[in-house]
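Below: target.cif (mmCIF, C-alpha atoms)
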data_input
#
loop_
_atom_site.label_atom_id
_atom_site.label_comp_id
_atom_site.auth_asym_id
_atom_site.auth_seq_id
_atom_site.Cartn_x
_atom_site.Cartn_y
_atom_site.Cartn_z
CA MET A 1 23.60 -113.34 -5.94
CA ASN A 2 26.84 -111.81 -4.75
CA SER A 3 26.79 -109.40 -7.68
CA LEU A 4 23.26 -108.32 -6.70
CA LEU A 5 24.38 -107.67 -3.13
CA LYS A 6 27.31 -105.68 -4.43
CA PHE A 7 24.89 -103.60 -6.48
CA ARG A 8 22.49 -102.99 -3.59
CA LYS A 9 25.21 -101.82 -1.23
CA PRO A 10 26.34 -98.81 -3.28
CA LEU A 11 22.68 -97.98 -3.94
CA SER A 12 21.83 -97.87 -0.24
CA SER A 13 24.94 -95.80 0.41
CA TYR A 14 23.87 -93.38 -2.30
CA LEU A 15 20.36 -93.03 -0.84
CA THR A 16 21.81 -92.46 2.62
CA SER A 17 24.18 -89.76 1.38
CA LEU A 18 21.34 -88.13 -0.57
CA SER A 19 19.19 -87.97 2.56
CA LEU A 20 22.05 -86.52 4.57
CA HIS A 21 22.65 -83.92 1.86
CA ARG A 22 18.99 -82.85 1.93
CA PHE A 23 19.03 -82.69 5.71
CA SER A 24 22.20 -80.61 5.61
CA SER A 25 20.65 -78.24 3.05
CA THR A 26 17.60 -77.82 5.27
CA LEU A 27 19.81 -77.01 8.24
CA ASN A 28 21.74 -74.46 6.18
CA TYR A 29 18.49 -72.82 5.07
CA VAL A 30 17.23 -72.56 8.63
CA PHE A 31 20.63 -71.24 9.72
CA GLU A 32 20.60 -68.57 6.99
CA GLU A 33 17.09 -67.43 8.01
CA THR A 34 18.19 -67.22 11.63
CA LYS A 35 21.35 -65.39 10.61
CA GLU A 36 19.32 -62.88 8.57
CA ALA A 37 17.00 -62.15 11.49
CA THR A 38 19.90 -61.71 13.91
CA SER A 39 21.63 -58.35 14.15
CA PHE A 40 25.40 -58.14 13.95
CA ILE A 41 27.37 -55.34 15.63
CA HIS A 42 31.13 -55.24 15.19
CA PRO A 43 33.11 -55.02 18.46
CA THR A 44 34.71 -51.72 17.40
CA ALA A 45 31.34 -50.03 16.72
CA VAL A 46 29.96 -47.58 19.30
CA VAL A 47 26.20 -48.11 19.72
CA HIS A 48 24.34 -46.21 22.45
CA PRO A 49 22.24 -48.54 24.62
CA LYS A 50 19.15 -46.34 24.07
CA ALA A 51 19.35 -46.66 20.28
CA VAL A 52 16.56 -48.72 18.69
CA ILE A 53 17.97 -51.41 16.42
CA GLY A 54 15.71 -53.51 14.20
CA GLN A 55 16.12 -57.16 13.26
CA GLY A 56 18.79 -58.27 10.86
CA VAL A 57 20.81 -55.05 11.18
CA SER A 58 24.52 -55.18 10.33
CA VAL A 59 26.83 -52.57 11.88
CA GLY A 60 30.39 -52.59 10.57
CA PRO A 61 33.69 -51.59 12.18
CA PHE A 62 34.16 -48.09 13.66
CA CYS A 63 30.51 -47.09 13.16
CA THR A 64 28.66 -44.80 15.58
CA ILE A 65 24.94 -44.89 16.45
CA GLY A 66 23.58 -42.18 18.78
CA SER A 67 21.10 -42.43 21.61
CA SER A 68 18.07 -41.14 19.66
CA ALA A 69 18.70 -43.12 16.49
CA LYS A 70 16.18 -45.63 15.20
CA LEU A 71 17.15 -48.23 12.60
CA GLY A 72 14.60 -50.32 10.73
CA ASN A 73 14.95 -53.99 9.92
CA GLY A 74 17.71 -55.14 7.62
CA CYS A 75 19.75 -51.92 7.64
CA HIS A 76 23.44 -52.21 6.78
CA LEU A 77 26.09 -49.78 8.01
CA HIS A 78 29.41 -50.09 6.21
CA PRO A 79 32.65 -49.29 8.09
CA SER A 80 33.06 -45.77 9.53
CA SER A 81 29.47 -44.67 8.83
CA HIS A 82 27.68 -42.69 11.54
CA ILE A 83 24.13 -41.90 12.68
CA PHE A 84 23.52 -39.04 15.14
CA GLY A 85 20.62 -37.05 16.56
CA ASN A 86 16.91 -37.78 16.24
CA THR A 87 17.36 -39.85 13.10
CA GLU A 88 15.17 -42.61 11.75
CA LEU A 89 16.13 -45.05 9.00
CA GLY A 90 13.47 -47.11 7.25
CA ASN A 91 13.84 -50.81 6.55
CA HIS A 92 16.75 -52.10 4.47
CA CYS A 93 18.67 -48.83 4.24
CA ILE A 94 22.38 -48.91 3.41
CA LEU A 95 25.01 -46.43 4.58
CA MET A 96 28.20 -46.74 2.58
CA THR A 97 31.65 -46.14 4.04
CA GLY A 98 32.06 -42.70 5.62
CA ALA A 99 28.39 -41.67 5.33
CA VAL A 100 27.02 -39.37 8.06
CA VAL A 101 23.30 -39.02 8.74
CA GLY A 102 21.74 -36.67 11.31
CA ASP A 103 23.12 -34.38 13.98
CA ASP A 104 22.51 -33.63 17.66
CA LEU A 105 20.39 -30.57 16.88
CA PRO A 106 16.72 -29.62 17.15
CA GLY A 107 14.81 -31.20 14.32
CA ARG A 108 14.52 -34.65 12.86
CA THR A 109 16.05 -36.57 9.96
CA VAL A 110 13.95 -39.32 8.38
CA ILE A 111 15.23 -41.60 5.62
CA GLY A 112 12.68 -43.79 3.84
CA SER A 113 12.97 -47.52 3.31
CA ASN A 114 15.37 -49.07 0.76
CA SER A 115 17.45 -45.89 0.51
CA ILE A 116 21.21 -45.96 -0.12
CA ILE A 117 23.47 -43.18 1.20
CA GLY A 118 26.72 -43.13 -0.80
CA HIS A 119 30.35 -43.05 0.27
CA HIS A 120 31.13 -40.03 2.49
CA ALA A 121 27.71 -38.48 1.78
CA VAL A 122 26.36 -36.16 4.50
CA VAL A 123 22.61 -35.83 5.16
CA GLY A 124 20.83 -33.80 7.84
CA ILE A 125 23.73 -32.13 9.62
CA LYS A 126 24.04 -28.54 10.84
CA CYS A 127 23.44 -25.88 8.20
CA GLN A 128 22.46 -22.20 8.02
CA ASP A 129 18.80 -23.00 8.59
CA MET A 130 17.52 -25.00 11.55
CA LYS A 131 14.53 -26.49 9.69
CA TYR A 132 14.79 -29.92 8.11
CA LYS A 133 12.56 -31.69 5.60
CA VAL A 134 11.96 -35.32 4.85
CA ILE A 135 13.58 -37.56 2.24
CA GLY A 136 11.10 -40.06 0.78
CA ASP A 137 11.34 -43.78 0.02
CA ASN A 138 13.49 -45.79 -2.40
CA ASN A 139 15.97 -43.02 -3.19
CA LEU A 140 19.52 -43.74 -4.35
CA ILE A 141 21.90 -40.98 -3.22
CA MET A 142 25.42 -41.65 -4.48
CA GLY A 143 28.72 -40.39 -3.12
CA SER A 144 29.62 -36.70 -2.65
CA CYS A 145 26.00 -35.54 -3.03
CA HIS A 146 24.71 -32.51 -1.14
CA ILE A 147 21.10 -31.88 -0.10
CA ALA A 148 20.82 -28.48 1.56
CA HIS A 149 18.37 -27.02 4.07
CA ASP A 150 14.60 -27.02 3.52
CA CYS A 151 14.77 -29.39 0.56
CA LYS A 152 11.93 -31.82 0.01
CA ILE A 153 12.78 -35.02 -1.84
CA GLY A 154 10.10 -37.36 -3.14
CA ASN A 155 10.31 -41.09 -3.87
CA ASN A 156 12.25 -43.33 -6.27
CA ASN A 157 14.82 -40.69 -7.27
CA ILE A 158 18.40 -41.41 -8.39
CA PHE A 159 21.08 -38.80 -7.61
CA ALA A 160 24.38 -39.66 -9.25
CA ASN A 161 27.75 -38.69 -7.77
CA SER A 162 28.26 -35.00 -6.92
CA THR A 163 24.64 -33.98 -7.34
CA LEU A 164 24.45 -30.68 -5.44
CA LEU A 165 21.07 -29.28 -4.39
CA ALA A 166 20.87 -25.80 -2.86
CA GLY A 167 18.26 -24.76 -0.28
CA HIS A 168 14.47 -24.84 -0.65
CA ILE A 169 14.52 -27.19 -3.65
CA ILE A 170 11.60 -29.53 -4.33
CA VAL A 171 12.33 -32.76 -6.16
CA GLU A 172 9.28 -34.79 -7.07
CA ASP A 173 9.30 -38.54 -7.91
CA TYR A 174 11.33 -40.67 -10.36
CA VAL A 175 13.84 -37.91 -11.09
CA HIS A 176 17.22 -39.04 -12.43
CA THR A 177 20.32 -36.86 -12.35
CA ALA A 178 23.64 -37.59 -14.01
CA GLY A 179 26.92 -36.77 -12.27
CA ALA A 180 28.28 -33.35 -11.23
CA ILE A 181 25.09 -31.30 -11.54
CA VAL A 182 24.17 -28.15 -9.61
CA VAL A 183 20.61 -26.98 -8.91
CA HIS A 184 19.93 -23.39 -7.83
CA GLN A 185 17.89 -22.68 -4.71
CA PHE A 186 14.07 -22.56 -4.89
CA CYS A 187 13.99 -24.61 -8.09
CA HIS A 188 11.30 -27.23 -8.62
CA ILE A 189 12.30 -30.47 -10.39
CA GLY A 190 9.28 -32.25 -11.87
CA SER A 191 8.63 -35.97 -11.84
CA PHE A 192 10.10 -38.29 -14.51
CA SER A 193 12.63 -35.67 -15.60
CA PHE A 194 16.31 -36.22 -16.39
CA ILE A 195 19.21 -33.79 -15.81
CA GLY A 196 22.32 -34.40 -17.91
CA GLY A 197 25.82 -34.57 -16.46
CA GLY A 198 27.62 -31.34 -15.62
CA SER A 199 24.45 -29.24 -15.89
CA VAL A 200 23.75 -26.03 -13.96
CA VAL A 201 20.01 -25.76 -13.37
CA SER A 202 18.81 -22.29 -12.43
CA GLN A 203 15.13 -22.63 -13.42
CA ASP A 204 12.32 -25.09 -12.81
CA VAL A 205 12.45 -28.35 -14.75
CA PRO A 206 8.95 -29.36 -15.91
CA LYS A 207 7.74 -32.93 -15.66
CA TYR A 208 8.74 -35.48 -18.31
CA MET A 209 11.56 -33.25 -19.61
CA MET A 210 15.24 -33.84 -20.30
CA VAL A 211 17.59 -30.89 -19.71
CA SER A 212 21.35 -30.43 -19.90
CA GLY A 213 24.05 -27.84 -20.46
CA GLY A 214 26.20 -25.32 -18.62
CA ARG A 215 23.02 -23.29 -18.35
CA ALA A 216 20.51 -26.10 -18.60
CA GLU A 217 18.32 -26.06 -21.70
CA LEU A 218 15.42 -28.24 -22.80
CA ARG A 219 16.57 -31.21 -24.86
CA GLY A 220 13.19 -32.80 -25.43
CA LEU A 221 11.09 -35.35 -23.57
CA ASN A 222 12.71 -37.95 -21.33
CA LEU A 223 11.49 -40.67 -23.68
CA GLU A 224 13.67 -43.49 -22.39
CA GLY A 225 12.80 -42.67 -18.78
CA LEU A 226 9.07 -42.65 -19.60
CA ARG A 227 9.34 -46.04 -21.31
CA ARG A 228 11.22 -47.54 -18.38
CA ARG A 229 8.58 -46.26 -15.95
CA GLY A 230 5.76 -47.96 -17.83
CA PHE A 231 4.16 -45.06 -19.69
CA HIS A 232 1.84 -46.25 -22.42
CA VAL A 233 2.77 -45.63 -26.04
CA THR A 234 -0.34 -43.49 -26.50
CA GLU A 235 0.60 -41.26 -23.55
CA ILE A 236 4.16 -40.80 -24.84
CA ARG A 237 2.88 -40.02 -28.34
CA SER A 238 0.48 -37.38 -26.98
CA LEU A 239 3.22 -35.75 -24.91
CA ARG A 240 5.59 -35.75 -27.88
CA THR A 241 2.95 -34.15 -30.13
CA ALA A 242 2.28 -31.49 -27.53
CA TYR A 243 5.98 -30.80 -27.05
CA ARG A 244 6.56 -30.33 -30.78
CA LYS A 245 3.60 -27.99 -31.20
CA ILE A 246 4.53 -25.86 -28.19
CA PHE A 247 8.33 -25.80 -28.29
CA MET A 248 9.17 -26.66 -31.92
CA PRO A 249 6.76 -24.68 -34.11
CA SER A 250 7.31 -24.50 -37.85
CA ASN A 251 8.85 -21.38 -39.32
CA SER A 252 5.52 -20.45 -40.82
CA ASN A 253 3.91 -20.41 -37.39
CA SER A 254 4.55 -16.95 -35.97
CA MET A 255 2.19 -17.24 -32.98
CA ALA A 256 3.45 -16.35 -29.52
CA PHE A 257 4.18 -19.05 -26.97
CA ASP A 258 0.95 -18.59 -25.01
CA GLU A 259 -1.06 -18.63 -28.23
CA ARG A 260 0.52 -21.91 -29.27
CA LEU A 261 -0.24 -23.38 -25.86
CA SER A 262 -3.86 -22.22 -26.01
CA GLU A 263 -4.24 -23.82 -29.43
CA VAL A 264 -2.89 -27.14 -28.20
CA ILE A 265 -5.13 -27.06 -25.11
CA SER A 266 -8.17 -26.68 -27.37
CA HIS A 267 -7.57 -30.15 -28.84
CA ASP A 268 -9.53 -32.81 -26.99
CA ASN A 269 -7.07 -35.60 -27.73
CA ILE A 270 -4.33 -34.14 -25.49
CA HIS A 271 -4.64 -34.17 -21.70
CA ILE A 272 -4.98 -30.59 -20.43
CA PHE A 273 -3.27 -31.17 -17.09
CA LYS A 274 -0.19 -32.79 -18.60
CA LEU A 275 0.14 -29.91 -21.01
CA CYS A 276 -0.10 -27.29 -18.28
CA ILE A 277 2.48 -29.13 -16.19
CA LEU A 278 4.63 -29.47 -19.30
CA ALA A 279 4.52 -25.77 -20.13
CA CYS A 280 4.30 -23.93 -16.80
CA SER A 281 7.47 -22.97 -14.98
CA ARG A 282 8.35 -20.16 -12.59
CA TYR A 283 11.39 -19.12 -14.62
CA SER A 284 12.15 -19.00 -18.31
CA MET A 285 13.97 -22.00 -19.76
CA ASN A 286 15.83 -21.73 -23.05
CA THR A 287 15.29 -24.57 -25.48
CA SER A 288 18.05 -26.34 -27.37
CA PRO A 289 19.00 -25.50 -30.98
CA ARG A 290 16.70 -28.34 -32.01
CA SER A 291 13.74 -26.27 -30.78
CA SER A 292 13.05 -22.93 -32.41
CA GLY A 293 11.93 -20.13 -30.13
CA LEU A 294 12.31 -19.69 -26.40
CA PHE A 295 10.41 -21.20 -23.52
CA ARG A 296 9.00 -18.12 -21.77
CA SER A 297 6.55 -18.90 -18.98
CA GLY A 298 6.58 -16.32 -16.20
CA LEU A 299 4.30 -15.99 -13.22
CA ILE A 300 1.71 -13.92 -15.10
CA PHE A 301 1.44 -16.50 -17.86
CA CYS A 302 1.21 -19.39 -15.39
CA SER A 303 -1.54 -17.57 -13.52
CA ARG A 304 -3.44 -17.28 -16.79
CA ILE A 305 -3.04 -21.00 -17.43
CA TYR A 306 -4.23 -21.90 -13.94
CA ILE A 307 -7.33 -19.78 -14.59
CA TYR A 308 -7.90 -21.85 -17.73
CA ILE A 309 -7.62 -25.01 -15.65
CA TYR A 310 -10.07 -23.71 -13.07
CA ILE A 311 -12.62 -22.77 -15.74
CA TYR A 312 -12.16 -26.14 -17.44
CA ILE A 313 -12.72 -28.05 -14.19
CA TYR A 314 -15.70 -25.87 -13.23
CA ILE A 315 -17.44 -26.37 -16.57
CA ASP A 316 -16.68 -30.09 -16.59
CA THR A 317 -18.03 -30.67 -13.08
CA HIS A 318 -21.09 -28.43 -13.37
CA THR A 319 -22.32 -29.50 -16.80
CA HIS A 320 -24.88 -32.31 -16.88
CA ILE A 321 -26.25 -33.76 -20.10
CA GLU A 322 -29.85 -34.92 -19.80
#

For the structure just supplied, provide its representation as structure tokens.
Amino acid sequence: MNSLLKFRKPLSSYLTSLSLHRFSSTLNYVFEETKEATSFIHPTAVVHPKAVIGQGVSVGPFCTIGSSAKLGNGCHLHPSSHIFGNTELGNHCILMTGAVVGDDLPGRTVIGSNSIIGHHAVVGIKCQDMKYKVIGDNNLIMGSCHIAHDCKIGNNNIFANSTLLAGHIIVEDYVHTAGAIVVHQFCHIGSFSFIGGGSVVSQDVPKYMMVSGGRAELRGLNLEGLRRRGFHVTEIRSLRTAYRKIFMPSNSNSMAFDERLSEVISHDNIHIFKLCILACSRYSMNTSPRSSGLFRSGLIFCSRIYIYIYIYIYIDTHTHIE
């Protein structure tokens, strides 16, 4: 009997400790939720009383937030990062140490949700042009990047360190740049493209392409990027077939570039719009040694292709089979 009592006592103690542990875990969970919803502002930070601060915002030491700034929920400002002017950050944006966003000038700077501004990066400050464009959502902008005046940046792009964009550049969606690249003004960077490290881009980069080099050249399709973004195997195979026929013709094929493109467009198994996007560019782009011939697609040629598209759409939409 005494041995049974001795056994029951440790068992009851164990159950009691287990209950206390669960209760403590519940309290910690509730505390963490409350902590996440509560904003933290370091005593050394300077935050204007008119600034709009969302829930769960963390402002580190020596940060500055201006009177017209608006921060979404869950934003995190690392030490010595600053927000000035009529600037709006979406939810869960991160400013790394030394980042500066916005300026006390006419105009507006808008950063989409889930964006990361790298160490000592500068976005939306005074430049030679007083017009500012919008940066989209889910962009990763690493340290020492430069986005100049009148640029328009889409969504889900990754700019590695020292990506330098001149004025009036359009970057579409899901573009990935390696480090230390320079893009000339007025260039258009197509979606799902990749720019290799150390490249100087002075012409448009078509969609789905991979370019690199001191004077950037076509290096083929961005196959790995397309796979990662969920492109179907059939779509990738069609794009690869089109690329080879247009940019890598056999030696026996002496047709001009526009003739090769017209021949590929005539095949029903390849999507006409993807091909036109693939081939059309405002400037000429040299291909790599792997591709014979040159990629020559000037304004006159692109106009001709767009006429083809218009005729194709018109016939398709106005033809009815009884």

Run the PyMOL selection byres ((chain A and resi 64-72) around 7) on the file and write out the hits as a short mmCIF file (atom, residue, chain, number, x, y, z; two decimals) with C-alpha atoms, in the frame of the given file.
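Produced file selection01.cif, reproduced below:
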data_model
loop_
_atom_site.label_atom_id
_atom_site.label_comp_id
_atom_site.auth_asym_id
_atom_site.auth_seq_id
_atom_site.Cartn_x
_atom_site.Cartn_y
_atom_site.Cartn_z
CA ALA A 45 31.34 -50.03 16.72
CA VAL A 46 29.96 -47.58 19.30
CA VAL A 47 26.20 -48.11 19.72
CA HIS A 48 24.34 -46.21 22.45
CA PRO A 49 22.24 -48.54 24.62
CA LYS A 50 19.15 -46.34 24.07
CA ALA A 51 19.35 -46.66 20.28
CA VAL A 52 16.56 -48.72 18.69
CA ILE A 53 17.97 -51.41 16.42
CA GLY A 54 15.71 -53.51 14.20
CA PHE A 62 34.16 -48.09 13.66
CA CYS A 63 30.51 -47.09 13.16
CA ASN A 73 14.95 -53.99 9.92
CA GLY A 74 17.71 -55.14 7.62
CA CYS A 75 19.75 -51.92 7.64
CA SER A 81 29.47 -44.67 8.83
CA HIS A 82 27.68 -42.69 11.54
CA ILE A 83 24.13 -41.90 12.68
CA PHE A 84 23.52 -39.04 15.14
CA GLY A 85 20.62 -37.05 16.56
CA ASN A 86 16.91 -37.78 16.24
CA THR A 87 17.36 -39.85 13.10
CA GLU A 88 15.17 -42.61 11.75
CA LEU A 89 16.13 -45.05 9.00
CA GLY A 90 13.47 -47.11 7.25
CA ASN A 91 13.84 -50.81 6.55
CA HIS A 92 16.75 -52.10 4.47
#

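Remark: for A:Asn155, the closest of the candidate residues A:Val211, A:Ile111, A:Ile169, A:Met142 is A:Ile111 (distances computed over all atoms listed in the file).
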
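For the pair atom CA of A:Ser199 and atom CA of A:Arg215, the interatomic distance is 6.6 Å.
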
Could you tell me, as a PyMOL selection string, exactly which residues end up selected when the PyMOL selection byres ((chain A and resi 179-193) around 7) is applied to this structure?
chain A and resi 160-178+194-195+197-210+222+225-226

Nearest to A:Val123: which of A:His42, A:Arg228, A:Arg237, A:His146 is it, counting all atoms listed in the file?
A:His146

Which residues fall under the PyMOL selection byres ((chain A and resi 56) around 7) in this file, as a list in words?
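When the PyMOL selection byres ((chain A and resi 56) around 7) is applied to the shown file, the picked residues are Glu36, Ala37, Thr38, Ser39, Gly54, Gln55, Val57, Ser58, Asn73 and Gly74 of chain A.
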
Quick one: residues within 7 Å of (33.3, -42.0, 5.5) (file frame), counting only C-alpha atoms, please, as an MDAnalysis selection string.
chainID A and resid 80:81 97:99 119:120

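Across the model, the gap from atom CA of A:Arg108 to atom CA of A:Ile158 is 22.6 Å.
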
Length of the atom CA of A:Pro61 to atom CA of A:Gly112 vector [Å]
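Going from atom CA of A:Pro61 over to atom CA of A:Gly112, I get 23.9 Å.
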
Complete the atom set of stretch 172-183 of chain A to N, CA, C and O atoms and return it as a PDB file, in the coordinates of the input.
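The new file result.pdb reads:
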ATOM      1  N   GLU A 172      10.424 -33.900  -7.116  1.00  0.00           N
ATOM      2  CA  GLU A 172       9.280 -34.790  -7.070  1.00  0.00           C
ATOM      3  C   GLU A 172       9.723 -36.258  -7.172  1.00  0.00           C
ATOM      4  O   GLU A 172      10.743 -36.608  -6.576  1.00  0.00           O
ATOM      5  N   ASP A 173       9.026 -37.102  -7.877  1.00  0.00           N
ATOM      6  CA  ASP A 173       9.300 -38.540  -7.910  1.00  0.00           C
ATOM      7  C   ASP A 173       9.940 -38.959  -9.235  1.00  0.00           C
ATOM      8  O   ASP A 173       9.728 -38.340 -10.273  1.00  0.00           O
ATOM      9  N   TYR A 174      10.727 -40.040  -9.176  1.00  0.00           N
ATOM     10  CA  TYR A 174      11.330 -40.670 -10.360  1.00  0.00           C
ATOM     11  C   TYR A 174      12.194 -39.689 -11.157  1.00  0.00           C
ATOM     12  O   TYR A 174      12.220 -39.721 -12.387  1.00  0.00           O
ATOM     13  N   VAL A 175      12.898 -38.816 -10.447  1.00  0.00           N
ATOM     14  CA  VAL A 175      13.840 -37.910 -11.090  1.00  0.00           C
ATOM     15  C   VAL A 175      15.210 -38.586 -11.149  1.00  0.00           C
ATOM     16  O   VAL A 175      15.634 -39.227 -10.189  1.00  0.00           O
ATOM     17  N   HIS A 176      15.899 -38.433 -12.263  1.00  0.00           N
ATOM     18  CA  HIS A 176      17.220 -39.040 -12.430  1.00  0.00           C
ATOM     19  C   HIS A 176      18.212 -37.954 -12.814  1.00  0.00           C
ATOM     20  O   HIS A 176      18.004 -37.225 -13.785  1.00  0.00           O
ATOM     21  N   THR A 177      19.275 -37.818 -12.027  1.00  0.00           N
ATOM     22  CA  THR A 177      20.320 -36.860 -12.350  1.00  0.00           C
ATOM     23  C   THR A 177      21.595 -37.598 -12.714  1.00  0.00           C
ATOM     24  O   THR A 177      21.924 -38.618 -12.113  1.00  0.00           O
ATOM     25  N   ALA A 178      22.305 -37.078 -13.711  1.00  0.00           N
ATOM     26  CA  ALA A 178      23.640 -37.590 -14.010  1.00  0.00           C
ATOM     27  C   ALA A 178      24.643 -36.935 -13.057  1.00  0.00           C
ATOM     28  O   ALA A 178      24.265 -36.154 -12.182  1.00  0.00           O
ATOM     29  N   GLY A 179      25.926 -37.236 -13.212  1.00  0.00           N
ATOM     30  CA  GLY A 179      26.920 -36.770 -12.270  1.00  0.00           C
ATOM     31  C   GLY A 179      27.255 -35.297 -12.397  1.00  0.00           C
ATOM     32  O   GLY A 179      27.087 -34.682 -13.450  1.00  0.00           O
ATOM     33  N   ALA A 180      27.725 -34.709 -11.269  1.00  0.00           N
ATOM     34  CA  ALA A 180      28.280 -33.350 -11.230  1.00  0.00           C
ATOM     35  C   ALA A 180      27.287 -32.312 -11.727  1.00  0.00           C
ATOM     36  O   ALA A 180      27.579 -31.488 -12.591  1.00  0.00           O
ATOM     37  N   ILE A 181      26.082 -32.316 -11.172  1.00  0.00           N
ATOM     38  CA  ILE A 181      25.090 -31.300 -11.540  1.00  0.00           C
ATOM     39  C   ILE A 181      24.833 -30.395 -10.345  1.00  0.00           C
ATOM     40  O   ILE A 181      24.989 -30.799  -9.195  1.00  0.00           O
ATOM     41  N   VAL A 182      24.452 -29.145 -10.636  1.00  0.00           N
ATOM     42  CA  VAL A 182      24.170 -28.150  -9.610  1.00  0.00           C
ATOM     43  C   VAL A 182      22.778 -27.592  -9.852  1.00  0.00           C
ATOM     44  O   VAL A 182      22.441 -27.220 -10.983  1.00  0.00           O
ATOM     45  N   VAL A 183      21.970 -27.525  -8.801  1.00  0.00           N
ATOM     46  CA  VAL A 183      20.610 -26.980  -8.910  1.00  0.00           C
ATOM     47  C   VAL A 183      20.505 -25.763  -8.003  1.00  0.00           C
ATOM     48  O   VAL A 183      20.815 -25.837  -6.807  1.00  0.00           O
TER      49      VAL A 183
END
